[in-house]
>>> print(open('work22.csv').read())   # CSV, C-alpha atoms and all ligand atoms
chain,number,residue,atom,x,y,z
N,1369,MET,CA,10.0,-0.6,7.1
N,1370,HIS,CA,6.9,1.3,6.2
N,1371,ILE,CA,6.2,4.6,8.0
N,1372,HIS,CA,4.3,7.6,6.7
N,1373,THR,CA,5.1,11.2,7.5
N,1374,THR,CA,3.1,14.4,7.5
N,1375,LEU,CA,3.7,14.5,3.8
N,1376,SER,CA,1.0,11.8,3.3
N,1377,PRO,CA,-2.3,13.7,3.4
N,1378,CYS,CA,-4.0,10.7,5.2
N,1379,THR,CA,-1.9,11.2,8.3
N,1380,GLU,CA,-2.9,13.5,11.2
N,1381,LEU,CA,-1.8,17.0,10.3
N,1382,GLY,CA,1.5,17.9,12.0
N,1383,GLU,CA,1.8,14.6,13.9
N,1384,MET,CA,4.2,12.4,11.9
N,1385,THR,CA,7.2,14.7,11.9
N,1386,PRO,CA,10.8,13.4,11.7
N,1387,ARG,CA,11.6,14.0,15.3
N,1388,ALA,CA,8.4,12.5,16.6
N,1389,ILE,CA,8.9,9.4,14.4
N,1390,VAL,CA,12.5,8.9,15.4
N,1391,ARG,CA,11.6,9.3,19.1
N,1392,ALA,CA,8.8,6.8,18.9
N,1393,ALA,CA,10.8,4.3,16.9
N,1394,ILE,CA,13.6,4.4,19.5
N,1395,ASP,CA,11.1,4.1,22.4
N,1396,LYS,CA,9.7,1.0,20.7
N,1397,GLY,CA,13.1,-0.5,20.5
N,1398,LEU,CA,13.3,-0.5,16.7
N,1399,ASP,CA,16.8,-0.6,15.1
N,1400,MET,CA,15.8,0.4,11.6
N,1401,ILE,CA,12.8,2.1,10.0
N,1402,ALA,CA,11.9,3.2,6.4
N,1403,ILE,CA,10.1,6.3,5.4
N,1404,CYS,CA,7.6,5.5,2.8
N,1405,ASP,CA,5.1,8.2,1.9
N,1406,HIS,CA,2.5,7.9,-0.8
N,1407,ASN,CA,4.3,8.5,-4.1
N,1408,SER,CA,7.0,10.7,-2.6
N,1409,SER,CA,10.2,10.6,-0.7
N,1410,ARG,CA,10.5,14.2,0.2
N,1411,ASN,CA,10.6,13.7,4.0
N,1412,SER,CA,13.1,10.8,3.9
N,1413,ALA,CA,16.3,13.0,4.1
N,1414,ALA,CA,15.0,15.1,7.0
N,1415,THR,CA,14.1,11.9,8.9
N,1416,ILE,CA,17.6,10.5,8.3
N,1417,ARG,CA,19.1,13.7,9.6
N,1418,ALA,CA,16.8,13.7,12.6
N,1419,ALA,CA,18.1,10.3,13.5
N,1420,GLN,CA,21.8,11.1,12.9
N,1421,SER,CA,22.9,11.4,16.5
N,1422,SER,CA,21.0,8.2,17.5
N,1423,SER,CA,21.5,4.6,16.8
N,1424,LEU,CA,18.4,4.3,14.6
N,1425,ALA,CA,19.0,3.6,11.0
N,1426,VAL,CA,16.5,5.2,8.6
N,1427,ILE,CA,16.1,3.9,5.0
N,1428,PRO,CA,14.8,6.3,2.4
N,1429,GLY,CA,11.7,4.9,0.7
N,1430,ILE,CA,8.5,5.6,-1.2
N,1431,GLU,CA,5.2,3.8,-1.4
N,1432,ILE,CA,4.2,3.9,-5.1
N,1433,THR,CA,0.7,3.4,-6.3
N,1434,SER,CA,0.7,1.6,-9.6
N,1435,SER,CA,-1.9,2.2,-12.3
N,1436,GLU,CA,-3.7,-1.0,-11.1
N,1437,GLU,CA,-3.9,0.6,-7.6
N,1438,VAL,CA,-1.4,-1.8,-6.1
N,1439,HIS,CA,0.8,-0.2,-3.4
N,1440,VAL,CA,4.5,-1.1,-3.7
N,1441,LEU,CA,7.3,-0.1,-1.3
N,1442,GLY,CA,10.5,1.0,-2.8
N,1443,LEU,CA,13.4,0.9,-0.3
N,1444,PHE,CA,16.7,2.6,-1.5
N,1445,PRO,CA,20.3,2.6,-0.6
N,1446,SER,CA,20.5,6.4,-0.7
N,1447,VAL,CA,18.4,9.5,-0.7
N,1448,ASN,CA,19.6,10.3,-4.1
N,1449,GLN,CA,18.2,7.1,-5.6
N,1450,ALA,CA,14.9,7.6,-3.7
N,1451,GLN,CA,14.7,11.1,-5.2
N,1452,LEU,CA,15.3,9.8,-8.7
N,1453,ALA,CA,12.4,7.3,-8.2
N,1454,GLN,CA,10.2,10.2,-6.9
N,1455,GLU,CA,11.0,12.3,-10.0
N,1456,GLU,CA,9.8,9.5,-12.3
N,1457,VAL,CA,6.7,9.0,-10.1
N,1458,TYR,CA,5.9,12.8,-10.1
N,1459,ALA,CA,6.1,12.8,-13.9
N,1460,ARG,CA,3.5,10.0,-13.9
N,1461,ILE,CA,0.9,11.7,-11.7
N,1462,ALA,CA,-1.8,13.9,-13.2
N,1463,GLY,CA,-3.6,16.4,-10.9
N,1464,VAL,CA,-3.2,18.7,-8.0
N,1465,ASN,CA,-3.9,17.9,-4.4
N,1466,ASP,CA,-7.1,19.4,-3.0
N,1467,GLU,CA,-5.9,20.4,0.5
N,1468,GLN,CA,-9.3,21.0,1.9
N,1469,ALA,CA,-10.8,17.7,0.8
N,1470,ILE,CA,-7.8,15.4,1.0
N,1471,GLY,CA,-5.4,17.0,3.5
N,1472,TYR,CA,-2.1,18.9,3.6
N,1473,GLN,CA,1.1,17.4,2.3
N,1474,VAL,CA,3.7,18.9,4.5
N,1475,VAL,CA,7.4,18.9,3.7
N,1476,VAL,CA,9.5,19.5,6.9
N,1477,ASP,CA,13.2,19.7,7.9
N,1478,GLU,CA,14.9,17.6,10.5
N,1479,PHE,CA,13.8,20.1,13.2
N,1480,ASP,CA,10.1,19.6,12.2
N,1481,MET,CA,9.9,23.1,10.7
N,1482,VAL,CA,7.6,23.4,7.7
N,1483,GLU,CA,9.5,23.9,4.4
N,1484,ASP,CA,6.8,23.5,1.8
N,1485,LEU,CA,3.3,22.2,1.0
N,1486,ASP,CA,3.6,19.7,-1.8
N,1487,LYS,CA,0.8,20.3,-4.4
N,1488,THR,CA,1.2,17.0,-6.4
N,1489,LEU,CA,-1.8,14.7,-6.1
N,1490,LEU,CA,0.2,12.1,-4.0
N,1491,ILE,CA,-2.8,10.0,-2.8
N,1492,GLY,CA,-3.9,8.8,-6.3
N,1493,ALA,CA,-2.6,6.2,-8.7
N,1494,THR,CA,0.3,6.9,-11.0
N,1495,THR,CA,0.2,5.9,-14.7
N,1496,LEU,CA,3.0,3.4,-14.1
N,1497,ASN,CA,1.8,-0.2,-14.3
N,1498,ILE,CA,3.0,-2.7,-11.7
N,1499,TYR,CA,5.8,-4.0,-13.9
N,1500,ARG,CA,7.2,-0.5,-14.5
N,1501,VAL,CA,7.0,0.3,-10.8
N,1502,VAL,CA,9.1,-2.8,-9.9
N,1503,ASP,CA,11.5,-2.1,-12.8
N,1504,LEU,CA,11.9,1.5,-11.7
N,1505,ILE,CA,12.8,0.5,-8.1
N,1506,HIS,CA,15.2,-2.2,-9.2
N,1507,GLY,CA,16.8,0.0,-11.9
N,1508,LEU,CA,17.8,2.4,-9.1
N,1509,GLY,CA,19.2,-0.3,-6.9
N,1510,GLY,CA,16.2,-0.5,-4.6
N,1511,LEU,CA,14.2,-3.3,-3.1
N,1512,ALA,CA,10.5,-3.7,-4.2
N,1513,VAL,CA,8.1,-5.0,-1.5
N,1514,ALA,CA,4.5,-5.5,-2.2
N,1515,SER,CA,2.6,-3.5,0.6
N,1516,HIS,CA,0.0,-5.0,2.9
N,1517,VAL,CA,-0.8,-8.0,0.6
N,1518,ASP,CA,-3.6,-9.2,2.9
N,1519,ARG,CA,-5.6,-5.9,2.7
N,1520,THR,CA,-8.8,-5.8,0.7
N,1521,GLY,CA,-7.7,-2.7,-1.1
N,1522,PHE,CA,-4.4,-1.6,-2.6
N,1523,GLY,CA,-2.8,-5.0,-2.1
N,1524,VAL,CA,-1.4,-7.1,-4.9
N,1525,PHE,CA,-3.9,-10.0,-4.3
N,1526,SER,CA,-6.9,-7.7,-4.0
N,1527,GLN,CA,-6.0,-5.9,-7.2
N,1528,LEU,CA,-4.5,-8.6,-9.4
N,1529,GLY,CA,-5.7,-11.8,-7.9
N,1530,PHE,CA,-2.3,-13.4,-7.9
N,1531,ILE,CA,1.4,-12.5,-8.4
N,1532,PRO,CA,2.5,-13.2,-12.0
N,1533,ASP,CA,5.7,-15.3,-12.2
N,1534,ASP,CA,7.6,-12.6,-14.0
N,1535,LEU,CA,6.8,-9.9,-11.4
N,1536,LYS,CA,9.9,-9.9,-9.2
N,1537,PHE,CA,9.1,-8.6,-5.7
N,1538,ASP,CA,11.9,-8.9,-3.2
N,1539,ALA,CA,9.5,-9.5,-0.4
N,1540,LEU,CA,5.8,-9.3,0.5
N,1541,GLU,CA,4.6,-7.3,3.5
N,1542,ILE,CA,1.8,-8.5,5.6
N,1543,SER,CA,-0.2,-6.1,7.8
N,1544,LYS,CA,-0.5,-6.2,11.6
N,1545,HIS,CA,-3.9,-7.8,11.2
N,1546,ILE,CA,-2.6,-11.2,10.1
N,1547,ASP,CA,0.3,-13.5,11.1
N,1548,CYS,CA,2.6,-15.6,8.9
N,1549,SER,CA,0.7,-18.9,9.0
N,1550,GLU,CA,-2.7,-17.2,8.4
N,1551,ALA,CA,-1.2,-15.3,5.4
N,1552,LYS,CA,0.2,-18.5,3.9
N,1553,LYS,CA,-3.1,-20.3,4.4
N,1554,LYS,CA,-5.1,-17.5,2.8
N,1555,PHE,CA,-2.7,-16.5,0.0
N,1556,GLY,CA,-0.7,-19.6,-1.1
N,1557,GLN,CA,1.9,-17.5,-2.9
N,1558,CYS,CA,3.0,-16.0,0.4
N,1559,SER,CA,5.0,-19.3,0.9
N,1560,ASP,CA,7.1,-18.5,-2.1
N,1561,TYR,CA,8.4,-15.1,-0.8
N,1562,THR,CA,10.3,-13.5,2.0
N,1563,LEU,CA,7.6,-12.2,4.3
N,1564,VAL,CA,8.0,-9.0,6.4
N,1565,SER,CA,5.6,-7.0,8.5
N,1566,SER,CA,5.5,-3.3,9.2
N,1567,SER,CA,3.2,-1.0,11.0
N,1568,ASP,CA,2.3,1.2,7.9
N,1569,ALA,CA,2.1,3.8,10.6
N,1570,HIS,CA,0.0,6.9,10.0
N,1571,TYR,CA,0.0,7.9,13.7
N,1572,VAL,CA,2.8,8.0,16.2
N,1573,SER,CA,1.0,5.4,18.3
N,1574,ASP,CA,1.1,3.0,15.4
N,1575,ILE,CA,4.8,2.9,15.2
N,1576,GLY,CA,6.0,-0.6,16.2
N,1577,ALA,CA,2.5,-2.1,16.0
N,1578,ALA,CA,4.1,-4.7,13.6
N,1579,TYR,CA,7.7,-5.2,12.9
N,1580,THR,CA,10.2,-7.7,11.4
N,1581,GLU,CA,13.0,-9.5,13.1
N,1582,ALA,CA,16.1,-10.0,11.1
N,1583,GLU,CA,19.6,-11.4,11.6
N,1584,MET,CA,22.1,-8.9,10.2
N,1585,GLU,CA,25.5,-7.7,11.1
N,1586,TYR,CA,24.2,-4.2,11.7
N,1587,ALA,CA,21.1,-2.2,10.6
N,1588,SER,CA,21.6,-1.0,7.1
N,1589,PHE,CA,20.1,-1.2,3.6
N,1590,LYS,CA,23.0,-3.4,2.4
N,1591,GLU,CA,22.4,-5.9,5.2
N,1592,LEU,CA,18.7,-5.8,4.6
N,1593,ARG,CA,19.2,-6.8,1.0
N,1594,LEU,CA,21.3,-9.8,2.1
N,1595,ALA,CA,18.7,-10.7,4.7
N,1596,PHE,CA,15.9,-10.6,2.0
N,1597,GLN,CA,18.1,-13.0,0.0
N,1598,GLY,CA,18.9,-15.2,3.0
N,1599,ILE,CA,22.6,-15.3,2.2
N,1600,GLU,CA,25.9,-14.8,3.9
N,1601,GLY,CA,24.4,-15.6,7.3
N,1602,ARG,CA,21.8,-12.9,7.1
N,1603,ARG,CA,18.1,-13.8,7.2
N,1604,ILE,CA,14.6,-12.5,7.9
N,1605,ILE,CA,13.5,-14.3,11.0
N,1606,GLY,CA,9.9,-13.2,10.5
N,1607,PRO,CA,7.1,-10.8,11.0
N,1608,CYS,CA,6.2,-10.0,14.6
N,1609,ARG,CA,3.5,-8.2,16.5
N,1610,PRO,CA,4.0,-6.9,20.0
N,1611,ILE,CA,2.5,-9.2,22.7
R,1701,ZN,ZN,-0.4,1.3,1.3
R,1702,ZN,ZN,1.4,2.9,3.5
>>> encode(input="work22.csv", output="structure tokens", more="lines below")
Ligand SMILES: [Zn+2]
Ligand SMILES: [Zn+2]
Amino acid sequence: MHIHTTLSPCTELGEMTPRAIVRAAIDKGLDMIAICDHNSSRNSAATIRAAQSSSLAVIPGIEITSSEEVHVLGLFPSVNQAQLAQEEVYARIAGVNDEQAIGYQVVVDEFDMVEDLDKTLLIGATTLNIYRVVDLIHGLGGLAVASHVDRTGFGVFSQLGFIPDDLKFDALEISKHIDCSEAKKKFGQCSDYTLVSSSDAHYVSDIGAAYTEAEMEYASFKELRLAFQGIEGRRIIGPCRPI
């Protein structure tokens, strides 16, 4: 539910391409992944197309950095909605990417061919505060998941201290470095939310390093929403790490 592509400048250049991601996800036995690059969704559609002849479901997403430097995953029912979120995010970023210092932001097609180098400063914070980030995602029919809440940087607890009652995340993501019971012990509010875990993969070898088991009729965004809500027989069984 949280995989970066070669569009994120912090990934290894040329490694996280759609075909490599799809192959690794299938090899690891995953049924569904989400593409969530920093402040952009430009490689989501290519990854969906790369998976088209396989059984892997790919959800278009984005990892938005709020003005408080909290990372929030937006997962969307369609590429169109993810792109609309991205347009709003791009309008709230000042600055140009320094490719030499930060890294290249490579847009690719479903055959891993380079289409463009994105010049927007994707690695920094947007001017959208955390409430506006969550509202933007929900307004486009998406699910808002607080990223890696246990991390000492860019997590909601590290940046805000706690989750305000009126901030409506659909789920919290814990990293591969912590399990459910540790997370609940360390951050009491984890008990109030659906918890998921994802690899936050920046390298192919990271894919599947943490994952989430869910009970759903089939792998799709619609089913994931029901599982987050725990209704109609769908549910999130819990975060997992490979043994
Ligand atoms: Zn993050
Ligand atoms: Zn991430």
>>> residues_around(input="work22.csv", residues="N:Phe1530", least_positions_apart="6", cutoff="9 Å", atoms="only C-alpha atoms", output="PyMOL selection string")
chain N and resi 1524+1555+1557
>>> atom_distance(input="work22.csv", atom1="atom CA of N:Ile1604", atom2="atom CA of N:Ala1587")
12.5 Å
>>> residues_near_ligand(input="work22.csv", ligand="ligand ZN 1701 (chain R)", cutoff="7 Å", atoms="all atoms listed in the file", output="list in words")
Glu1431, His1439, Ser1515, His1516 and Phe1522 of chain N
>>> residues_near_ligand(input="work22.csv", ligand="ligand ZN 1702 (chain R)", cutoff="12 Å", atoms="all atoms listed in the file", output="ChimeraX atom specification")
/N:1369-1373,1375-1379,1402-1408,1429-1433,1438-1442,1490-1491,1513-1517,1519,1521-1523,1541-1543,1565-1571,1574
>>> atom_distance(input="work22.csv", atom1="atom CA of N:Leu1540", atom2="atom CA of N:Cys1558")
7.3 Å
>>> atom_distance(input="work22.csv", atom1="atom CA of N:Gln1473", atom2="atom CA of N:Glu1380")
10.5 Å
>>> residues_near_point(input="work22.csv", point="(12.9, 0.6, 16.5)", cutoff="10 Å", atoms="all atoms listed in the file", output="list in words")
Met1369, Ile1389, Val1390, Arg1391, Ala1392, Ala1393, Ile1394, Asp1395, Lys1396, Gly1397, Leu1398, Asp1399, Met1400, Ile1401, Ser1423, Leu1424, Ala1425, Val1426, Ile1575, Gly1576 and Tyr1579 of chain N
>>> residues_near_point(input="work22.csv", point="(11.1, -8.7, 1.3)", cutoff="9 Å", atoms="all atoms listed in the file", output="PyMOL selection string")
chain N and resi 1511-1514+1537-1541+1561-1564+1592-1593+1595-1597+1604
>>> residues_around(input="work22.csv", residues="stretch 1446-1448 of chain N", least_positions_apart="2", cutoff="10 Å", atoms="only C-alpha atoms", output="list in words")
Ser1409, Arg1410, Ser1412, Ala1413, Ile1416, Ile1427, Pro1428, Gly1429, Leu1443, Phe1444, Ala1450, Gln1451, Leu1452, Ala1453, Gln1454, Leu1508, Gly1509, Gly1510 and Phe1589 of chain N
>>> closest_residue(input="work22.csv", among="N:Leu1528, N:Ile1605, N:Val1476, N:Ile1546", to="N:Ala1414", atoms="all atoms listed in the file")
N:Val1476
>>> axis_aligned_box(input="work22.csv", around="stretch 1576-1593 of chain N", padding_each_side="4 Å", output="AutoDock Vina command-line options")
--center_x 14.0 --center_y -6.0 --center_z 8.6 --size_x 31.0 --size_y 18.8 --size_z 23.2
>>> closest_residue(input="work22.csv", among="N:Pro1607, N:Gly1556, N:Glu1600, N:Glu1437", to="N:Thr1580", atoms="all atoms listed in the file")
N:Pro1607
>>> residues_around(input="work22.csv", residues="N:Leu1381", least_positions_apart="6", cutoff="8 Å", atoms="only C-alpha atoms", output="list in words")
Thr1374, Gly1471 and Tyr1472 of chain N
>>> residues_around(input="work22.csv", residues="stretch 1461-1469 of chain N", least_positions_apart="6", cutoff="6 Å", atoms="only C-alpha atoms", output="NGL selection string")
:N and (1487-1489 or 1494)
>>> write_last_selection(input="work22.csv", atoms="C-alpha atoms", output="short mmCIF file (atom, residue, chain, number, x, y, z; two decimals), in the frame of the given file")
data_model
loop_
_atom_site.label_atom_id
_atom_site.label_comp_id
_atom_site.auth_asym_id
_atom_site.auth_seq_id
_atom_site.Cartn_x
_atom_site.Cartn_y
_atom_site.Cartn_z
CA LYS N 1487 0.80 20.30 -4.40
CA THR N 1488 1.20 17.00 -6.40
CA LEU N 1489 -1.80 14.70 -6.10
CA THR N 1494 0.30 6.90 -11.00
#
>>> build_atoms(input="work22.csv", residues="stretch 1467-1502 of chain N", atoms="N, CA and C atoms", output="PDB file, in the coordinates of the input")
ATOM      1  N   GLU N1467      -6.250  20.374  -0.954  1.00  0.00           N
ATOM      2  CA  GLU N1467      -5.900  20.400   0.500  1.00  0.00           C
ATOM      3  C   GLU N1467      -7.054  20.329   1.412  1.00  0.00           C
ATOM      4  N   GLN N1468      -8.122  20.995   1.033  1.00  0.00           N
ATOM      5  CA  GLN N1468      -9.300  21.000   1.900  1.00  0.00           C
ATOM      6  C   GLN N1468      -9.970  19.661   1.968  1.00  0.00           C
ATOM      7  N   ALA N1469     -10.068  19.003   0.833  1.00  0.00           N
ATOM      8  CA  ALA N1469     -10.800  17.700   0.800  1.00  0.00           C
ATOM      9  C   ALA N1469      -9.889  16.545   1.203  1.00  0.00           C
ATOM     10  N   ILE N1470      -8.621  16.581   0.819  1.00  0.00           N
ATOM     11  CA  ILE N1470      -7.800  15.400   1.000  1.00  0.00           C
ATOM     12  C   ILE N1470      -6.813  15.574   2.197  1.00  0.00           C
ATOM     13  N   GLY N1471      -6.307  16.772   2.383  1.00  0.00           N
ATOM     14  CA  GLY N1471      -5.400  17.000   3.500  1.00  0.00           C
ATOM     15  C   GLY N1471      -4.096  17.651   2.983  1.00  0.00           C
ATOM     16  N   TYR N1472      -3.362  18.253   3.905  1.00  0.00           N
ATOM     17  CA  TYR N1472      -2.100  18.900   3.600  1.00  0.00           C
ATOM     18  C   TYR N1472      -0.983  17.913   3.410  1.00  0.00           C
ATOM     19  N   GLN N1473      -0.069  18.212   2.503  1.00  0.00           N
ATOM     20  CA  GLN N1473       1.100  17.400   2.300  1.00  0.00           C
ATOM     21  C   GLN N1473       2.334  18.205   2.672  1.00  0.00           C
ATOM     22  N   VAL N1474       2.754  18.005   3.907  1.00  0.00           N
ATOM     23  CA  VAL N1474       3.700  18.900   4.500  1.00  0.00           C
ATOM     24  C   VAL N1474       5.139  18.390   4.410  1.00  0.00           C
ATOM     25  N   VAL N1475       6.003  19.195   3.798  1.00  0.00           N
ATOM     26  CA  VAL N1475       7.400  18.900   3.700  1.00  0.00           C
ATOM     27  C   VAL N1475       8.104  19.604   4.892  1.00  0.00           C
ATOM     28  N   VAL N1476       8.899  18.866   5.661  1.00  0.00           N
ATOM     29  CA  VAL N1476       9.500  19.500   6.900  1.00  0.00           C
ATOM     30  C   VAL N1476      11.025  19.209   6.854  1.00  0.00           C
ATOM     31  N   ASP N1477      11.723  19.938   7.714  1.00  0.00           N
ATOM     32  CA  ASP N1477      13.200  19.700   7.900  1.00  0.00           C
ATOM     33  C   ASP N1477      13.375  18.799   9.104  1.00  0.00           C
ATOM     34  N   GLU N1478      14.636  18.573   9.434  1.00  0.00           N
ATOM     35  CA  GLU N1478      14.900  17.600  10.500  1.00  0.00           C
ATOM     36  C   GLU N1478      14.592  18.219  11.903  1.00  0.00           C
ATOM     37  N   PHE N1479      14.246  19.527  11.946  1.00  0.00           N
ATOM     38  CA  PHE N1479      13.800  20.100  13.200  1.00  0.00           C
ATOM     39  C   PHE N1479      12.292  20.274  13.246  1.00  0.00           C
ATOM     40  N   ASP N1480      11.619  19.604  12.329  1.00  0.00           N
ATOM     41  CA  ASP N1480      10.100  19.600  12.200  1.00  0.00           C
ATOM     42  C   ASP N1480       9.586  20.944  11.754  1.00  0.00           C
ATOM     43  N   MET N1481      10.424  21.764  11.180  1.00  0.00           N
ATOM     44  CA  MET N1481       9.900  23.100  10.700  1.00  0.00           C
ATOM     45  C   MET N1481       9.406  22.865   9.247  1.00  0.00           C
ATOM     46  N   VAL N1482       8.274  23.514   8.982  1.00  0.00           N
ATOM     47  CA  VAL N1482       7.600  23.400   7.700  1.00  0.00           C
ATOM     48  C   VAL N1482       8.479  24.058   6.595  1.00  0.00           C
ATOM     49  N   GLU N1483       8.734  23.315   5.515  1.00  0.00           N
ATOM     50  CA  GLU N1483       9.500  23.900   4.400  1.00  0.00           C
ATOM     51  C   GLU N1483       8.648  24.154   3.193  1.00  0.00           C
ATOM     52  N   ASP N1484       7.604  23.332   3.006  1.00  0.00           N
ATOM     53  CA  ASP N1484       6.800  23.500   1.800  1.00  0.00           C
ATOM     54  C   ASP N1484       5.518  22.671   1.953  1.00  0.00           C
ATOM     55  N   LEU N1485       4.522  23.021   1.157  1.00  0.00           N
ATOM     56  CA  LEU N1485       3.300  22.200   1.000  1.00  0.00           C
ATOM     57  C   LEU N1485       3.344  21.628  -0.384  1.00  0.00           C
ATOM     58  N   ASP N1486       3.489  20.317  -0.478  1.00  0.00           N
ATOM     59  CA  ASP N1486       3.600  19.700  -1.800  1.00  0.00           C
ATOM     60  C   ASP N1486       2.196  19.701  -2.456  1.00  0.00           C
ATOM     61  N   LYS N1487       2.132  20.146  -3.700  1.00  0.00           N
ATOM     62  CA  LYS N1487       0.800  20.300  -4.400  1.00  0.00           C
ATOM     63  C   LYS N1487       0.517  19.112  -5.314  1.00  0.00           C
ATOM     64  N   THR N1488       1.457  18.198  -5.478  1.00  0.00           N
ATOM     65  CA  THR N1488       1.200  17.000  -6.400  1.00  0.00           C
ATOM     66  C   THR N1488       0.124  16.153  -5.743  1.00  0.00           C
ATOM     67  N   LEU N1489      -0.696  15.557  -6.567  1.00  0.00           N
ATOM     68  CA  LEU N1489      -1.800  14.700  -6.100  1.00  0.00           C
ATOM     69  C   LEU N1489      -1.157  13.333  -5.658  1.00  0.00           C
ATOM     70  N   LEU N1490      -0.608  13.276  -4.436  1.00  0.00           N
ATOM     71  CA  LEU N1490       0.200  12.100  -4.000  1.00  0.00           C
ATOM     72  C   LEU N1490      -0.729  10.890  -3.683  1.00  0.00           C
ATOM     73  N   ILE N1491      -1.960  11.135  -3.316  1.00  0.00           N
ATOM     74  CA  ILE N1491      -2.800  10.000  -2.800  1.00  0.00           C
ATOM     75  C   ILE N1491      -3.346   9.151  -3.941  1.00  0.00           C
ATOM     76  N   GLY N1492      -3.302   9.608  -5.171  1.00  0.00           N
ATOM     77  CA  GLY N1492      -3.900   8.800  -6.300  1.00  0.00           C
ATOM     78  C   GLY N1492      -2.914   7.854  -6.905  1.00  0.00           C
ATOM     79  N   ALA N1493      -3.416   7.179  -7.947  1.00  0.00           N
ATOM     80  CA  ALA N1493      -2.600   6.200  -8.700  1.00  0.00           C
ATOM     81  C   ALA N1493      -1.698   6.953  -9.685  1.00  0.00           C
ATOM     82  N   THR N1494      -0.534   6.370  -9.938  1.00  0.00           N
ATOM     83  CA  THR N1494       0.300   6.900 -11.000  1.00  0.00           C
ATOM     84  C   THR N1494      -0.113   6.173 -12.317  1.00  0.00           C
ATOM     85  N   THR N1495       0.486   6.573 -13.423  1.00  0.00           N
ATOM     86  CA  THR N1495       0.200   5.900 -14.700  1.00  0.00           C
ATOM     87  C   THR N1495       1.214   4.764 -14.942  1.00  0.00           C
ATOM     88  N   LEU N1496       2.055   4.472 -13.956  1.00  0.00           N
ATOM     89  CA  LEU N1496       3.000   3.400 -14.100  1.00  0.00           C
ATOM     90  C   LEU N1496       2.341   2.058 -13.769  1.00  0.00           C
ATOM     91  N   ASN N1497       2.415   1.097 -14.689  1.00  0.00           N
ATOM     92  CA  ASN N1497       1.800  -0.200 -14.300  1.00  0.00           C
ATOM     93  C   ASN N1497       2.776  -0.924 -13.353  1.00  0.00           C
ATOM     94  N   ILE N1498       2.278  -2.001 -12.787  1.00  0.00           N
ATOM     95  CA  ILE N1498       3.000  -2.700 -11.700  1.00  0.00           C
ATOM     96  C   ILE N1498       4.408  -3.145 -12.138  1.00  0.00           C
ATOM     97  N   TYR N1499       4.533  -3.589 -13.381  1.00  0.00           N
ATOM     98  CA  TYR N1499       5.800  -4.000 -13.900  1.00  0.00           C
ATOM     99  C   TYR N1499       6.817  -2.852 -13.928  1.00  0.00           C
ATOM    100  N   ARG N1500       6.309  -1.712 -14.386  1.00  0.00           N
ATOM    101  CA  ARG N1500       7.200  -0.500 -14.500  1.00  0.00           C
ATOM    102  C   ARG N1500       7.557  -0.001 -13.118  1.00  0.00           C
ATOM    103  N   VAL N1501       6.665  -0.142 -12.155  1.00  0.00           N
ATOM    104  CA  VAL N1501       7.000   0.300 -10.800  1.00  0.00           C
ATOM    105  C   VAL N1501       8.159  -0.568 -10.243  1.00  0.00           C
ATOM    106  N   VAL N1502       8.034  -1.883 -10.392  1.00  0.00           N
ATOM    107  CA  VAL N1502       9.100  -2.800  -9.900  1.00  0.00           C
ATOM    108  C   VAL N1502      10.390  -2.541 -10.642  1.00  0.00           C
TER     109      VAL N1502
END
